[in-house]
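Pasting target.cif here (mmCIF, C-alpha atoms):
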data_coords
#
loop_
_atom_site.group_PDB
_atom_site.id
_atom_site.type_symbol
_atom_site.label_atom_id
_atom_site.label_comp_id
_atom_site.auth_asym_id
_atom_site.auth_seq_id
_atom_site.Cartn_x
_atom_site.Cartn_y
_atom_site.Cartn_z
ATOM 1 C CA MET A 1 14.182 -2.815 -2.389
ATOM 2 C CA PHE A 2 12.003 -2.158 0.660
ATOM 3 C CA CYS A 3 10.236 0.663 -1.186
ATOM 4 C CA ARG A 4 9.954 -1.136 -4.524
ATOM 5 C CA ASP A 5 9.204 -4.691 -3.391
ATOM 6 C CA GLY A 6 7.957 -4.343 0.180
ATOM 7 C CA ILE A 7 9.581 -4.942 3.533
ATOM 8 C CA HIS A 8 8.335 -8.508 4.018
ATOM 9 C CA ALA A 9 9.253 -9.492 0.449
ATOM 10 C CA THR A 10 12.808 -8.235 0.906
ATOM 11 C CA GLY A 11 14.687 -10.814 2.926
ATOM 12 C CA ILE A 12 18.038 -10.367 4.602
ATOM 13 C CA ASP A 13 19.763 -12.814 2.241
ATOM 14 C CA ARG A 14 18.645 -10.783 -0.762
ATOM 15 C CA ILE A 15 19.846 -7.563 0.882
ATOM 16 C CA LEU A 16 23.217 -9.150 1.614
ATOM 17 C CA ALA A 17 23.586 -10.378 -1.965
ATOM 18 C CA VAL A 18 22.795 -6.972 -3.465
ATOM 19 C CA ALA A 19 24.887 -5.048 -0.925
ATOM 20 C CA GLY A 20 27.778 -7.467 -1.165
ATOM 21 C CA VAL A 21 28.284 -7.588 2.595
ATOM 22 C CA SER A 22 28.280 -10.349 5.150
ATOM 23 C CA LYS A 23 25.499 -11.009 7.631
ATOM 24 C CA MET A 24 27.934 -10.131 10.394
ATOM 25 C CA THR A 25 28.642 -6.713 8.838
ATOM 26 C CA LEU A 26 24.948 -5.959 8.407
ATOM 27 C CA TYR A 27 24.084 -6.905 11.980
ATOM 28 C CA ALA A 28 27.137 -5.112 13.383
ATOM 29 C CA ARG A 29 26.070 -1.945 11.619
ATOM 30 C CA PHE A 30 22.292 -2.087 12.125
ATOM 31 C CA GLY A 31 21.625 -4.792 14.731
ATOM 32 C CA SER A 32 18.386 -6.023 13.145
ATOM 33 C CA LYS A 33 16.233 -5.881 10.033
ATOM 34 C CA GLU A 34 13.912 -3.507 11.917
ATOM 35 C CA ALA A 35 16.784 -1.084 12.521
ATOM 36 C CA LEU A 36 17.731 -1.303 8.834
ATOM 37 C CA VAL A 37 14.118 -0.615 7.829
ATOM 38 C CA ARG A 38 14.050 2.361 10.205
ATOM 39 C CA GLU A 39 17.256 3.779 8.675
ATOM 40 C CA VAL A 40 16.046 3.235 5.100
ATOM 41 C CA LEU A 41 12.706 4.915 5.790
ATOM 42 C CA GLN A 42 14.341 7.860 7.542
ATOM 43 C CA GLN A 43 16.754 8.389 4.641
ATOM 44 C CA GLU A 44 14.004 7.910 2.065
ATOM 45 C CA GLY A 45 11.843 10.458 3.892
ATOM 46 C CA VAL A 46 14.617 13.047 4.084
ATOM 47 C CA ALA A 47 15.476 12.634 0.396
ATOM 48 C CA TRP A 48 11.825 12.783 -0.690
ATOM 49 C CA ARG A 49 11.060 15.857 1.407
ATOM 50 C CA GLU A 50 14.181 17.698 0.245
ATOM 51 C CA SER A 51 13.285 17.038 -3.383
ATOM 52 C CA PHE A 52 9.589 17.879 -2.967
ATOM 53 C CA PHE A 53 10.200 21.048 -0.929
ATOM 54 C CA ALA A 54 12.901 22.293 -3.341
ATOM 55 C CA SER A 55 10.698 21.681 -6.369
ATOM 56 C CA VAL A 56 7.700 23.470 -4.867
ATOM 57 C CA GLU A 57 9.816 26.420 -3.723
ATOM 58 C CA ALA A 58 11.552 26.706 -7.108
ATOM 59 C CA ALA A 59 8.230 26.745 -8.974
ATOM 60 C CA SER A 60 7.507 30.424 -8.414
ATOM 61 C CA PRO A 61 8.267 33.425 -6.244
ATOM 62 C CA ASP A 62 4.482 33.739 -5.742
ATOM 63 C CA PRO A 63 3.382 31.751 -2.648
ATOM 64 C CA ARG A 64 0.020 30.803 -4.154
ATOM 65 C CA GLU A 65 1.714 29.489 -7.284
ATOM 66 C CA ARG A 66 4.083 27.480 -5.108
ATOM 67 C CA LEU A 67 1.036 25.797 -3.570
ATOM 68 C CA ARG A 68 -0.355 25.161 -7.046
ATOM 69 C CA ALA A 69 2.990 23.480 -7.892
ATOM 70 C CA ILE A 70 2.146 20.595 -5.571
ATOM 71 C CA VAL A 71 0.307 18.677 -8.302
ATOM 72 C CA PRO A 72 2.942 19.042 -11.053
ATOM 73 C CA THR A 73 5.683 18.265 -8.530
ATOM 74 C CA LEU A 74 3.951 15.043 -7.528
ATOM 75 C CA ALA A 75 3.257 14.281 -11.212
ATOM 76 C CA THR A 76 6.994 14.393 -11.915
ATOM 77 C CA TRP A 77 7.611 11.923 -9.097
ATOM 78 C CA PHE A 78 4.738 9.670 -10.212
ATOM 79 C CA ARG A 79 6.143 9.438 -13.732
ATOM 80 C CA GLY A 80 9.702 8.799 -12.578
ATOM 81 C CA GLU A 81 11.492 5.484 -12.257
ATOM 82 C CA ARG A 82 11.377 5.479 -8.444
ATOM 83 C CA PHE A 83 7.654 5.849 -7.845
ATOM 84 C CA TYR A 84 6.393 2.962 -5.724
ATOM 85 C CA GLY A 85 3.886 4.946 -3.699
ATOM 86 C CA CYS A 86 4.679 6.490 -0.345
ATOM 87 C CA ALA A 87 7.269 4.410 1.491
ATOM 88 C CA PHE A 88 5.632 5.234 4.827
ATOM 89 C CA MET A 89 2.073 4.408 3.780
ATOM 90 C CA ASN A 90 3.298 1.174 2.222
ATOM 91 C CA ALA A 91 5.248 0.195 5.334
ATOM 92 C CA VAL A 92 2.321 0.840 7.673
ATOM 93 C CA ALA A 93 -0.073 -0.940 5.292
ATOM 94 C CA GLU A 94 1.976 -4.122 5.039
ATOM 95 C CA HIS A 95 2.538 -4.551 8.773
ATOM 96 C CA THR A 96 0.266 -5.236 11.676
ATOM 97 C CA LYS A 97 -1.181 -1.994 12.909
ATOM 98 C CA GLY A 98 0.553 -2.490 16.249
ATOM 99 C CA GLU A 99 3.999 -1.798 14.715
ATOM 100 C CA GLY A 100 4.502 1.431 16.617
ATOM 101 C CA PHE A 101 7.853 2.371 15.131
ATOM 102 C CA LEU A 102 6.413 2.441 11.594
ATOM 103 C CA ARG A 103 3.492 4.635 12.637
ATOM 104 C CA ASP A 104 5.922 6.907 14.480
ATOM 105 C CA LEU A 105 8.130 7.251 11.392
ATOM 106 C CA ALA A 106 5.104 7.936 9.181
ATOM 107 C CA ALA A 107 3.783 10.532 11.650
ATOM 108 C CA GLU A 108 7.195 12.236 11.777
ATOM 109 C CA HIS A 109 7.240 12.381 7.965
ATOM 110 C CA HIS A 110 3.730 13.873 7.923
ATOM 111 C CA ARG A 111 4.645 16.465 10.568
ATOM 112 C CA ALA A 112 7.590 17.640 8.469
ATOM 113 C CA ILE A 113 5.388 17.961 5.371
ATOM 114 C CA LEU A 114 2.667 19.723 7.373
ATOM 115 C CA GLY A 115 5.241 22.205 8.664
ATOM 116 C CA PHE A 116 6.384 22.986 5.135
ATOM 117 C CA LEU A 117 2.845 23.254 3.771
ATOM 118 C CA GLY A 118 1.827 25.414 6.735
ATOM 119 C CA GLN A 119 4.681 27.843 6.012
ATOM 120 C CA GLN A 120 3.684 27.987 2.346
ATOM 121 C CA ALA A 121 0.031 28.550 3.306
ATOM 122 C CA LEU A 122 1.000 31.326 5.716
ATOM 123 C CA SER A 123 3.121 32.999 3.027
ATOM 124 C CA ALA A 124 0.176 32.774 0.630
ATOM 125 C CA GLY A 125 -2.018 34.647 3.106
ATOM 126 C CA SER A 126 -4.098 31.802 4.492
ATOM 127 C CA ARG A 127 -6.251 32.723 7.470
ATOM 128 C CA GLU A 128 -5.894 29.174 8.770
ATOM 129 C CA PRO A 129 -2.535 27.911 7.497
ATOM 130 C CA SER A 130 -2.457 24.759 9.634
ATOM 131 C CA LEU A 131 -5.933 23.755 8.446
ATOM 132 C CA LEU A 132 -5.008 24.443 4.815
ATOM 133 C CA ALA A 133 -1.804 22.430 5.297
ATOM 134 C CA ARG A 134 -3.848 19.470 6.553
ATOM 135 C CA GLN A 135 -6.238 19.755 3.598
ATOM 136 C CA LEU A 136 -3.306 19.795 1.188
ATOM 137 C CA LEU A 137 -1.602 16.828 2.826
ATOM 138 C CA LEU A 138 -4.819 14.818 2.758
ATOM 139 C CA MET A 139 -5.157 15.621 -0.932
ATOM 140 C CA MET A 140 -1.527 14.641 -1.549
ATOM 141 C CA ASP A 141 -1.978 11.326 0.261
ATOM 142 C CA GLY A 142 -5.083 10.618 -1.807
ATOM 143 C CA MET A 143 -3.254 11.482 -5.018
ATOM 144 C CA ILE A 144 -0.367 9.182 -4.152
ATOM 145 C CA VAL A 145 -2.618 6.219 -3.432
ATOM 146 C CA ALA A 146 -4.951 6.848 -6.376
ATOM 147 C CA TYR A 147 -2.073 7.201 -8.840
ATOM 148 C CA MET A 148 -0.218 4.196 -7.423
ATOM 149 C CA VAL A 149 -3.331 2.024 -7.806
ATOM 150 C CA SER A 150 -4.581 3.341 -11.146
ATOM 151 C CA GLY A 151 -1.624 4.916 -12.957
ATOM 152 C CA ASP A 152 -4.284 7.146 -14.502
ATOM 153 C CA ASP A 153 -3.318 10.742 -15.325
ATOM 154 C CA ALA A 154 -6.943 11.753 -14.690
ATOM 155 C CA VAL A 155 -5.944 11.662 -10.998
ATOM 156 C CA LEU A 156 -3.651 14.630 -11.691
ATOM 157 C CA MET A 157 -6.283 16.632 -13.541
ATOM 158 C CA ILE A 158 -8.862 16.072 -10.815
ATOM 159 C CA ALA A 159 -6.321 16.876 -8.094
ATOM 160 C CA ALA A 160 -5.370 20.134 -9.842
ATOM 161 C CA ARG A 161 -9.045 21.151 -10.023
ATOM 162 C CA ASN A 162 -9.587 20.247 -6.376
ATOM 163 C CA LEU A 163 -6.466 22.143 -5.359
ATOM 164 C CA ASP A 164 -7.602 25.239 -7.237
ATOM 165 C CA ALA A 165 -11.023 25.046 -5.541
ATOM 166 C CA VAL A 166 -9.477 24.710 -2.080
ATOM 167 C CA LEU A 167 -7.062 27.582 -2.715
ATOM 168 C CA GLU A 168 -9.817 29.815 -4.089
ATOM 169 C CA LYS A 169 -12.009 29.132 -1.074
ATOM 170 C CA GLU A 170 -9.162 29.772 1.369
ATOM 171 C CA LEU A 171 -7.235 32.534 -0.435
ATOM 172 C CA GLY A 172 -9.800 34.078 -2.771
ATOM 173 C CA LYS A 173 -9.668 34.277 -6.546
ATOM 174 C CA PRO A 174 -6.176 34.538 -8.027
ATOM 175 C CA SER A 175 -5.209 37.951 -9.368
ATOM 176 C CA ARG A 176 -4.445 37.196 -12.987
#

So that I can check it, write out the structure of this file as structure tokens.
Amino acid sequence: MFCRDGIHATGIDRILAVAGVSKMTLYARFGSKEALVREVLQQEGVAWRESFFASVEAASPDPRERLRAIVPTLATWFRGERFYGCAFMNAVAEHTKGEGFLRDLAAEHHRAILGFLGQQALSAGSREPSLLARQLLLMMDGMIVAYMVSGDDAVLMIAARNLDAVLEKELGKPSR
């Protein structure tokens, strides 16, 4: 509900009704709505990263092709029933920018993705794998926002072209 409807729009009473638990149980387990939000975002991040990483890695034994799988992997997520944009971007966007715990969670999520992308870039022969990882993450973030706002598949086509251009510049022409 936090991811689909927003954190502010999802009140405790609604959570209790859907979960079928008492207020006392919820507060005994989590202590506050903030702690519940933190737990939900952490679990959402772990599940998303596991799915994304597994899909990219399963795409090909070739490291460059794994990097190229970023766009189709995101496309599958975008077209699925649980695409509401990035839970972390949404959470930071809907709160005051002083909400440190949300920024911290979002930064932790980004660091994990950067680590994965950096490993993939290194395997693909990148001379600057951490820089390439940052370029790829920036492109992914842009894709997520653009697709969430527009729902337009042209975002995917443009992203695939941009990805190919970045990979060619960093890794050279593919050997096909």

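Separating atom CA of Ala146 of chain A from atom CA of Leu41 of chain A is a distance of 21.5 Å.
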
Excluding segment 71-80 of chain A and its own-chain neighbours fewer than 6 positions away, which residues fall within 9 Å of it when counting only C-alpha atoms? Please give them as a PDB file with C-alpha atoms, in the coordinates of the input.
ATOM      1  CA  PHE A  52       9.589  17.879  -2.967  1.00  0.00           C
ATOM      2  CA  SER A  55      10.698  21.681  -6.369  1.00  0.00           C
ATOM      3  CA  VAL A  56       7.700  23.470  -4.867  1.00  0.00           C
ATOM      4  CA  ALA A  59       8.230  26.745  -8.974  1.00  0.00           C
ATOM      5  CA  MET A 140      -1.527  14.641  -1.549  1.00  0.00           C
ATOM      6  CA  MET A 143      -3.254  11.482  -5.018  1.00  0.00           C
ATOM      7  CA  ILE A 144      -0.367   9.182  -4.152  1.00  0.00           C
ATOM      8  CA  TYR A 147      -2.073   7.201  -8.840  1.00  0.00           C
ATOM      9  CA  MET A 148      -0.218   4.196  -7.423  1.00  0.00           C
ATOM     10  CA  GLY A 151      -1.624   4.916 -12.957  1.00  0.00           C
ATOM     11  CA  ASP A 153      -3.318  10.742 -15.325  1.00  0.00           C
ATOM     12  CA  LEU A 156      -3.651  14.630 -11.691  1.00  0.00           C
ATOM     13  CA  MET A 157      -6.283  16.632 -13.541  1.00  0.00           C
ATOM     14  CA  ALA A 159      -6.321  16.876  -8.094  1.00  0.00           C
ATOM     15  CA  ALA A 160      -5.370  20.134  -9.842  1.00  0.00           C
ATOM     16  CA  LEU A 163      -6.466  22.143  -5.359  1.00  0.00           C
TER      17      LEU A 163
END

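Evaluated on this file, the PyMOL selection byres ((chain A and resi 126) around 12) matches A:Pro63, A:Arg64, A:Leu67, A:Leu117, A:Gly118, A:Gln119, A:Gln120, A:Ala121, A:Leu122, A:Ser123, A:Ala124, A:Gly125, A:Arg127, A:Glu128, A:Pro129, A:Ser130, A:Leu131, A:Leu132, A:Ala133, A:Val166, A:Leu167, A:Glu168, A:Lys169, A:Glu170, A:Leu171, A:Gly172.
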
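Proximity ranking of A:Ser150, A:Arg161, A:Lys173, A:Arg29 relative to Arg68 of chain A places A:Arg161 first, based on all atoms listed in the file.
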
When you draw a straight line from atom CA of Phe88 of chain A to atom CA of Thr25 of chain A, how long is it in Å?
26.2 Å

As a check of understanding: the span from atom CA of Leu36 of chain A to atom CA of Phe53 of chain A is 25.5 Å

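Comparing A:Glu57, A:Glu50, A:Asp104, A:Glu65 by their smallest distance to Ala91 of chain A, the closest is A:Asp104 (using only C-alpha atoms).
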
Which one of A:Phe30, A:Tyr84, A:Phe116, A:Phe101 sits closest to Arg134 of chain A if you count only C-alpha atoms?
A:Phe116

At a cut-off of 10 Å, using only C-alpha atoms, what residues contact Leu105 of chain A? Leave out same-chain residues fewer than 3 positions from it and give the result as a ChimeraX atom specification.
/A:38,41-42,45,88,91-92,100-102,108-111
